[in-house]
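Everything below concerns the one structure shown next.
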Amino acid sequence: MQRKNKAENGVTRGNASDFDFNREVAISINNMNLWYSSFHAIKNVSMDIKKGEVTAFIGPSGCGKSTLLKSLNRMNDLVPGCKITGKIEIGGKDIYGAGVDLPMLRKNVGMVFQKPNPFPKSVYDNIAYAPRLFGVRDKATLDNIVETSLRRSAMWDELKDRLNKSALGLSGGQQQRLCIARALAADPAILLMDEPTSALDPISTGKIEELCDELKKTVTVVIVTHNMQQAARISDKTAFFLLGEVIEFDDTAKIFSNPSHPETERYISGRFG
């Protein structure tokens, strides 16, 4: 009988034989290259992303940050002409290898996009969507998942009396935090965030930054951001991308105080990008 990785909210994280989320290295990328047809978008990237940390991807527009992020739960499978070489291991499993359970991968590696995208459903149904998709039908269990997910995203007090209201009636900042709660409802081990605060006001941005700091106690977070101050505030490690390459990947404090590469220093000092 196969063991299950137990989730906080009753949704399982898949068979332990498929993904081992107890490993110190949550994501291991080795000699990864990615092409969109003839365009070489990611070039020989290697890095290990540790469990329980916030890792920030920074760099100018078009440098490959979001492309790499979307490769971590195979969102780029949907792009015609996309080709990937090298290896990406998550939970010790090659996610581009044979026999990968893609729905289970995407359940365990959640994604939050730049623009809030709540479903045109109630707050409750937005959060219950993934658990229902994975077979949870019991009302009491769903109620618990909804409450737990909203508490983890620091929204329960705001929304506990609005669960049956349309999610589209929330403010932009609330919608984005709801999307985080919706991702958390599947109990992912890893949460990918693609510029999640770029369209938000400073107060909403601050709430999501506080949330990232809290989430890393239970979830590995990888965030793409153009806001270098944000990267400095919330991340443990930072990777600087330029023209599809990772120029430097190190502790955030070192990247911002004493970068090893002159291109990194030029970028963080505002001399290009």
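Letters for chains follow the order of the structure tokens (A, B, ...), residue numbers begin at 1 for each chain, and ligand numbers begin at 1 in the order shown.
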
Practice problem: Taking the chain letters and numbering used in this document, name the residues of stretch 81-235 of chain A that DSSP puts in strand (DSSP E or B), as a list in words. | Solution: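 Of stretch 81-235 of chain A, the ones in strand (DSSP E or B) are Cys82, Lys83, Ile84, Thr85, Gly86, Lys87, Ile88, Glu89, Ile90, Lys93, Asp94, Val109, Gly110, Met111, Val112, Ser122, Ser166, Ile190, Leu191, Leu192, Met193, Asp194, Thr220, Val221, Val222, Ile223 and Val224 of chain A.
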
Quiz prompt | Contacts of A:Val54 at 6 Å (only C-alpha atoms; same-chain gap of 5+ positions) as a list in words | solution =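 Skipping anything fewer than 5 positions along the chain leaves Val221, Val222, Ser235 and Asp236 of chain A.
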
For those residues, write C-alpha atoms to a file as a PDB file, in the first residue's frame.
```pdb
ATOM      1  CA  VAL A 221       7.472  30.203  -3.008  1.00  0.00           C
ATOM      2  CA  VAL A 222       9.021  31.311  -6.314  1.00  0.00           C
ATOM      3  CA  SER A 235      13.039  36.729  -0.686  1.00  0.00           C
ATOM      4  CA  ASP A 236      15.713  34.492   0.781  1.00  0.00           C
TER       5      ASP A 236
END
```

Quiz prompt | Surrounding residues of A:Gln229 excluding itself and chain neighbours under 4 positions, 10 Å, only C-alpha atoms, as a list in words | solution =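 These residues fall inside the cut-off: Thr225, Arg233, Ile234, Phe256 and Ile268 of chain A.
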
Just-selected residues, C-alpha atoms written as a PDB file, in the first residue's frame:
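This is the output file part.pdb:
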```
ATOM      1  CA  THR A 225       9.050  40.541  -9.804  1.00  0.00           C
ATOM      2  CA  ARG A 233      12.166  42.622   1.278  1.00  0.00           C
ATOM      3  CA  ILE A 234      10.618  39.195   0.920  1.00  0.00           C
ATOM      4  CA  PHE A 256      21.802  43.453  -3.192  1.00  0.00           C
ATOM      5  CA  ILE A 268      20.212  46.694  -9.218  1.00  0.00           C
TER       6      ILE A 268
END
```

Exercise. Could you check how far atom CA of A:Ile95 sits from atom CA of A:Leu215, in Å to one decimal?
Key: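 For atom CA of A:Ile95 relative to atom CA of A:Leu215, the distance reads 23.7 Å.
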
Quiz item: What does the distance between atom CA of A:Pro202 and atom CA of A:Gly173 come to in Å, to one decimal place?
Solution: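 Those two atoms sit 9.7 Å apart.
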
Quiz item: What is the distance, in Å and to one decimal place, between atom CA of A:Phe57 and atom CA of A:Ser149?
Solution: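 These atoms are spaced 25.7 Å apart.
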
Could the residues of stretch 186-232 of chain A that have an atom at most 7 Å from stretch 31-53 of chain A be listed as a Markdown table, each with its closest atom pair and the distance in Å to one decimal, counting only C-alpha atoms and ordered by chain and ascending residue number?
```
| residue | atom | partner | partner_atom | distance |
| --- | --- | --- | --- | --- |
| A:Lys216 | CA | A:Gly52 | CA | 4.9 |
| A:Lys217 | CA | A:Gly52 | CA | 5.9 |
| A:Thr218 | CA | A:Gly52 | CA | 6.5 |
| A:Val219 | CA | A:Gly52 | CA | 5.8 |
| A:Thr220 | CA | A:Gly52 | CA | 4.6 |
| A:Val221 | CA | A:Glu53 | CA | 6.3 |
```

Output of the above residues as a compact mmCIF listing (two decimals), in the first residue's frame, restricted to C-alpha atoms:
```txt
# COMPACT_ATOMS: atom_id res chain seq x y z
CA LYS A 216 7.12 29.92 3.40
CA LYS A 217 6.58 28.13 6.71
CA THR A 218 4.62 25.50 4.78
CA VAL A 219 5.07 26.27 1.05
CA THR A 220 8.09 26.92 -1.17
CA VAL A 221 7.47 30.20 -3.01
```

Quiz item: Using only C-alpha atoms, which residues sit within 7 Å of A:Trp156 once same-chain residues fewer than 5 positions away are excluded, as a ChimeraX atom specification?
Solution: /A:147,150-151

Quiz item: Hey, which of A:Ala128, A:Met104, A:Val25, A:Met228 ends up closest to A:Ile88? Count only C-alpha atoms.
Solution: A:Val25

Self-check item: Residue nearest A:Thr148 among A:Glu245, A:Asp187, A:Glu89, A:Asp125 (counting only C-alpha atoms)
Solution: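 Closest to A:Thr148, using only C-alpha atoms: A:Asp187.
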
For A:Leu69, list every protein, DNA or RNA residue within 10 Å, evaluated using only C-alpha atoms, and leave out those in the same chain fewer than 3 positions away; present the list as a CSV table (one decimal) with N, CA and C atoms, in the first residue's frame.
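The resulting out.csv:
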```csv
chain,number,residue,atom,x,y,z
A,57,PHE,N,12.9,35.9,-8.8
A,57,PHE,CA,13.5,36.0,-10.2
A,57,PHE,C,13.4,37.5,-10.6
A,64,GLY,N,13.5,36.1,-19.6
A,64,GLY,CA,13.3,34.6,-19.4
A,64,GLY,C,12.7,34.3,-18.1
A,65,LYS,N,12.5,35.3,-17.2
A,65,LYS,CA,12.0,35.0,-15.8
A,65,LYS,C,10.7,34.2,-15.8
A,66,SER,N,9.7,34.8,-16.5
A,66,SER,CA,8.3,34.1,-16.5
A,66,SER,C,8.3,32.9,-17.3
A,72,LEU,N,8.0,25.4,-14.7
A,72,LEU,CA,8.1,24.6,-13.4
A,72,LEU,C,6.8,23.8,-13.2
A,73,ASN,N,5.7,24.2,-13.8
A,73,ASN,CA,4.5,23.3,-13.8
A,73,ASN,C,4.0,23.0,-15.2
A,74,ARG,N,4.9,23.1,-16.1
A,74,ARG,CA,4.7,22.7,-17.5
A,74,ARG,C,3.5,23.5,-18.2
A,75,MET,N,3.4,24.8,-17.8
A,75,MET,CA,2.4,25.7,-18.5
A,75,MET,C,2.9,25.9,-19.9
A,76,ASN,N,4.2,25.8,-20.2
A,76,ASN,CA,4.7,26.0,-21.6
A,76,ASN,C,4.3,24.9,-22.5
A,111,MET,N,-0.1,28.1,-9.2
A,111,MET,CA,0.3,29.2,-10.0
A,111,MET,C,-0.6,30.4,-9.7
A,192,LEU,N,4.0,29.2,-7.3
A,192,LEU,CA,4.7,30.1,-8.3
A,192,LEU,C,3.8,31.3,-8.5
A,193,MET,N,4.5,32.5,-8.4
A,193,MET,CA,3.8,33.8,-8.5
A,193,MET,C,4.5,34.7,-9.5
A,194,ASP,N,3.7,35.0,-10.6
A,194,ASP,CA,4.2,35.8,-11.7
A,194,ASP,C,3.8,37.2,-11.6
A,222,VAL,N,8.2,30.7,-5.3
A,222,VAL,CA,9.0,31.3,-6.3
A,222,VAL,C,8.3,32.5,-6.9
A,223,ILE,N,8.8,33.7,-6.9
A,223,ILE,CA,8.1,34.8,-7.4
A,223,ILE,C,8.9,35.6,-8.4
A,224,VAL,N,8.3,35.9,-9.5
A,224,VAL,CA,8.9,36.8,-10.5
A,224,VAL,C,8.4,38.2,-10.2
```

Practice problem: List every residue of stretch 7-251 of chain A that DSSP, applied to the backbone, labels as alpha helix (DSSP H), and write the result as a ChimeraX atom specification. | Solution: /A:65-71,102-108,123-133,139-152,156-159,172-184,202-215,228-234

Quiz item: If we count only C-alpha atoms, what is near A:Gly169 at a cut-off of 10 Å, once residues fewer than 6 positions away on the same chain are taken out, given as a PyMOL selection string?
Solution: chain A and resi 120+122-123+175
